[in-house]
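Below is one structure, written out as structure tokens; the observations come after it.
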Amino acid sequence: MTGSGFSLSGLPLTLPAGQSASFSVIFAPQSSGSVSGSLSLVSSTAILHGTNGKHNGSNSTTSTVPLSGSGTILSTASTTPGQLVANPSSLSFGSVQVSSTNTLFEAVTNTGGSSVTLSQATIAGTGFSISGLSLPLTLAAGQSVTFGVTFAPQSGGSASGSISIGSNASNSTMAISLAGSGTAQGQLAVTPTSTDFGSVTVGTSKTQASTLSASGSSVSISSAAVTSAEFSLSGITFPLTIAAGQSVPFTLTFTPQTSGSASAIGSFTSNASNSTAETLTGTGAAPLQHSVDLSWNETSTVVGYNVYRGSQSGGPYTKINSALDASATYTDSSVQAGQIYYYVTTAVDSSGAQSGYSNQIQASVPSP
């Protein structure tokens, strides 16, 4: 016999005429990989002569049987059954306001030595739901899957539930307990509920103070809106959460763009159980038209006068009359509210010669 790892048992043997027998060829590889060999069977047959039954000599034959096999290395990995472990073993969502949600994450790990197939997941308890878990799902040894569990209470009070995961693991049904508490929605109030800005000159602004307050439970405000561009809200940044019993001030501003009555609604978007809005009104008043009346002593030898104006004492000055003023008076209607102006005049004779500046006078325009 040739070939590493092959051996033989059950030989030699003697076969009477017409009989058969079996023997064994054993393959015990010493290393991995293919192995080949051969088995040579040598047999002999007695030759009989004469009538006395005595034999005289023998004939021998050789038969060859090819042998082959392959050695493989057996895995030494653990073959313990698959087992599921949840981390954490239970989920507590704490207090969650009605109409709000809280999502926690759960990990399920196969801690056994063979793969596990998760076939179904059943959730019990009002307000609880699962996301991110698609079944069936196979976890190899040591592999995990993470999914979300959401609590969205529909009413106030304590709530409990569970997740039941079915699989072919040694613990074929695994339970994860769930607990949470729903709290009632808060109430949002705005003070005052209406604001009248009165009469405000067009192009100017007037502000009023208001306050937002929460009661019953905390209130989260996501945004605010005002229905007219002539009114605006400032002093708070969204999103904003107001704890129960607390208040937050803010400022409303009216800046009329045209004359006449104006109105708007300031509203707030929140998770409160009630809607909240403030009525805003005001009147745009046309700006006052200010003017400065000037007069000076008349000179008989001149044909007219020029009027000059400056924004600071001592000049420089700019002529503001478009044509020579024949009288000793002038009305400046181009002044602005709240400004101070400085005026001088010159006299012009018949030849067109102009005198020097007169004494300077100051005029303060009221505001508005």
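Please note that chains go A, B, ... in the order of the structure tokens, that every chain numbers its residues from 1, and that ligands are numbered from 1 in the order shown.
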
### Query
Near stretch 350-355 of chain A, within 7 Å and counting only C-alpha atoms, which residues show up once chain neighbours fewer than 4 positions away are dropped, as a PyMOL selection string?
chain A and resi 302-303+346

Suppose we keep N, CA and C atoms; can you now write the selection as a tab-separated table (two decimals), in the first residue's frame?
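Output file result.tsv is given in full below:
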chain	number	residue	atom	x	y	z
A	302	VAL	N	-31.55	147.95	-2.95
A	302	VAL	CA	-31.34	146.64	-3.56
A	302	VAL	C	-32.60	146.22	-4.30
A	303	VAL	N	-32.42	145.25	-5.21
A	303	VAL	CA	-33.55	144.75	-5.98
A	303	VAL	C	-34.06	143.40	-5.45
A	346	THR	N	-28.09	137.58	1.77
A	346	THR	CA	-27.28	138.58	1.06
A	346	THR	C	-28.22	139.49	0.28

### Task
Using only C-alpha atoms, find the one residue out of A:Gly10, A:Gly203, A:Gly69, A:Gly127 that sits nearest to A:Ser36.
A:Gly69

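Residues lying within 8 Å of A:Gly112, counting only C-alpha atoms and ignoring same-chain neighbours fewer than 5 positions away, are Thr79, Thr80, Pro81, Gly82, Gln83, Leu84, Ala141 and Gly142 of chain A.
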
Save the residues we just selected, N, CA and C atoms, as a PDB file, in the first residue's frame?
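File written: selection-v8.pdb
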ATOM      1  N   THR A  79     -19.518  25.875  19.296  1.00  0.00           N
ATOM      2  CA  THR A  79     -20.762  25.479  18.645  1.00  0.00           C
ATOM      3  C   THR A  79     -21.925  25.559  19.624  1.00  0.00           C
ATOM      4  N   THR A  80     -21.775  26.447  20.633  1.00  0.00           N
ATOM      5  CA  THR A  80     -22.875  26.605  21.572  1.00  0.00           C
ATOM      6  C   THR A  80     -24.071  27.204  20.841  1.00  0.00           C
ATOM      7  N   PRO A  81     -25.276  26.873  21.238  1.00  0.00           N
ATOM      8  CA  PRO A  81     -26.468  27.377  20.545  1.00  0.00           C
ATOM      9  C   PRO A  81     -26.532  28.895  20.598  1.00  0.00           C
ATOM     10  N   GLY A  82     -27.216  29.509  19.604  1.00  0.00           N
ATOM     11  CA  GLY A  82     -27.415  30.950  19.592  1.00  0.00           C
ATOM     12  C   GLY A  82     -28.290  31.387  20.761  1.00  0.00           C
ATOM     13  N   GLN A  83     -27.979  32.543  21.320  1.00  0.00           N
ATOM     14  CA  GLN A  83     -28.757  33.079  22.430  1.00  0.00           C
ATOM     15  C   GLN A  83     -28.842  34.591  22.291  1.00  0.00           C
ATOM     16  N   LEU A  84     -30.042  35.155  22.536  1.00  0.00           N
ATOM     17  CA  LEU A  84     -30.258  36.588  22.402  1.00  0.00           C
ATOM     18  C   LEU A  84     -30.194  37.282  23.757  1.00  0.00           C
ATOM     19  N   ALA A 141     -23.064  34.758  15.003  1.00  0.00           N
ATOM     20  CA  ALA A 141     -22.549  34.735  16.365  1.00  0.00           C
ATOM     21  C   ALA A 141     -21.830  36.053  16.676  1.00  0.00           C
ATOM     22  N   GLY A 142     -22.226  36.707  17.763  1.00  0.00           N
ATOM     23  CA  GLY A 142     -21.611  37.968  18.165  1.00  0.00           C
ATOM     24  C   GLY A 142     -22.182  39.193  17.496  1.00  0.00           C
TER      25      GLY A 142
END

### Task
For A:Tyr342, work out the shell of residues within 6 Å, counting only C-alpha atoms and skipping chain neighbours fewer than 3 positions away, then give it as a PyMOL selection string.
chain A and resi 309-310+361-362

### Message
I'd like the contact shell of A:Ile221 - 12 Å cut-off, only C-alpha atoms, skipping same-chain residues fewer than 3 positions apart - returned as a VMD selection string.
### Response
chain A and resid 186 to 189 212 to 214 218 224 to 225 236 to 243 248 267 to 273 275 to 276

### Length of the atom CA of A:Leu233 to atom CA of A:Thr251 vector [Å]
5.8 Å

### Task
Do a neighbour search on A:Ala326 at 10 Å with only C-alpha atoms, toss out local chain neighbours closer than 3 positions, and write the hits as JSON, numbers by chain.
{"A": [298, 302, 303, 304, 305, 306, 323, 329, 330, 347, 348]}

File dump, residues just selected, N, CA and C atoms, as a compact mmCIF listing (two decimals), in the first residue's frame:
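Output file result15.txt is given in full below:
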# COMPACT_ATOMS: atom_id res chain seq x y z
N GLU A 298 -35.44 145.53 5.53
CA GLU A 298 -35.41 145.78 4.09
C GLU A 298 -34.45 146.94 3.78
N VAL A 302 -31.55 147.95 -2.95
CA VAL A 302 -31.34 146.64 -3.56
C VAL A 302 -32.60 146.22 -4.30
N VAL A 303 -32.42 145.25 -5.21
CA VAL A 303 -33.55 144.75 -5.98
C VAL A 303 -34.06 143.40 -5.45
N GLY A 304 -33.28 142.79 -4.55
CA GLY A 304 -33.72 141.50 -4.02
C GLY A 304 -32.71 140.89 -3.07
N TYR A 305 -33.08 139.69 -2.59
CA TYR A 305 -32.24 139.04 -1.58
C TYR A 305 -32.10 137.55 -1.90
N ASN A 306 -30.95 136.97 -1.48
CA ASN A 306 -30.72 135.51 -1.51
C ASN A 306 -30.67 134.98 -0.07
N ALA A 323 -35.15 131.71 -6.94
CA ALA A 323 -35.11 132.99 -7.66
C ALA A 323 -34.93 134.11 -6.64
N THR A 329 -38.76 138.76 3.43
CA THR A 329 -39.23 137.57 4.17
C THR A 329 -39.05 136.33 3.31
N TYR A 330 -38.93 135.17 4.00
CA TYR A 330 -38.78 133.90 3.25
C TYR A 330 -39.25 132.75 4.17
N ALA A 347 -27.78 140.72 0.02
CA ALA A 347 -28.56 141.67 -0.77
C ALA A 347 -27.92 141.82 -2.15
N VAL A 348 -28.79 141.97 -3.19
CA VAL A 348 -28.31 142.08 -4.57
C VAL A 348 -28.84 143.40 -5.13

### Polymer residues at most 9 Å from A:Ser199, only C-alpha atoms, same-chain spacing of 4 or more positions, as a ChimeraX atom specification
/A:261,282-285

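Between A:Asn102 and the residues A:Thr126, A:Ser367, A:Gln120, A:Thr150, the shortest atom-to-atom distance, using only C-alpha atoms, involves A:Thr150.
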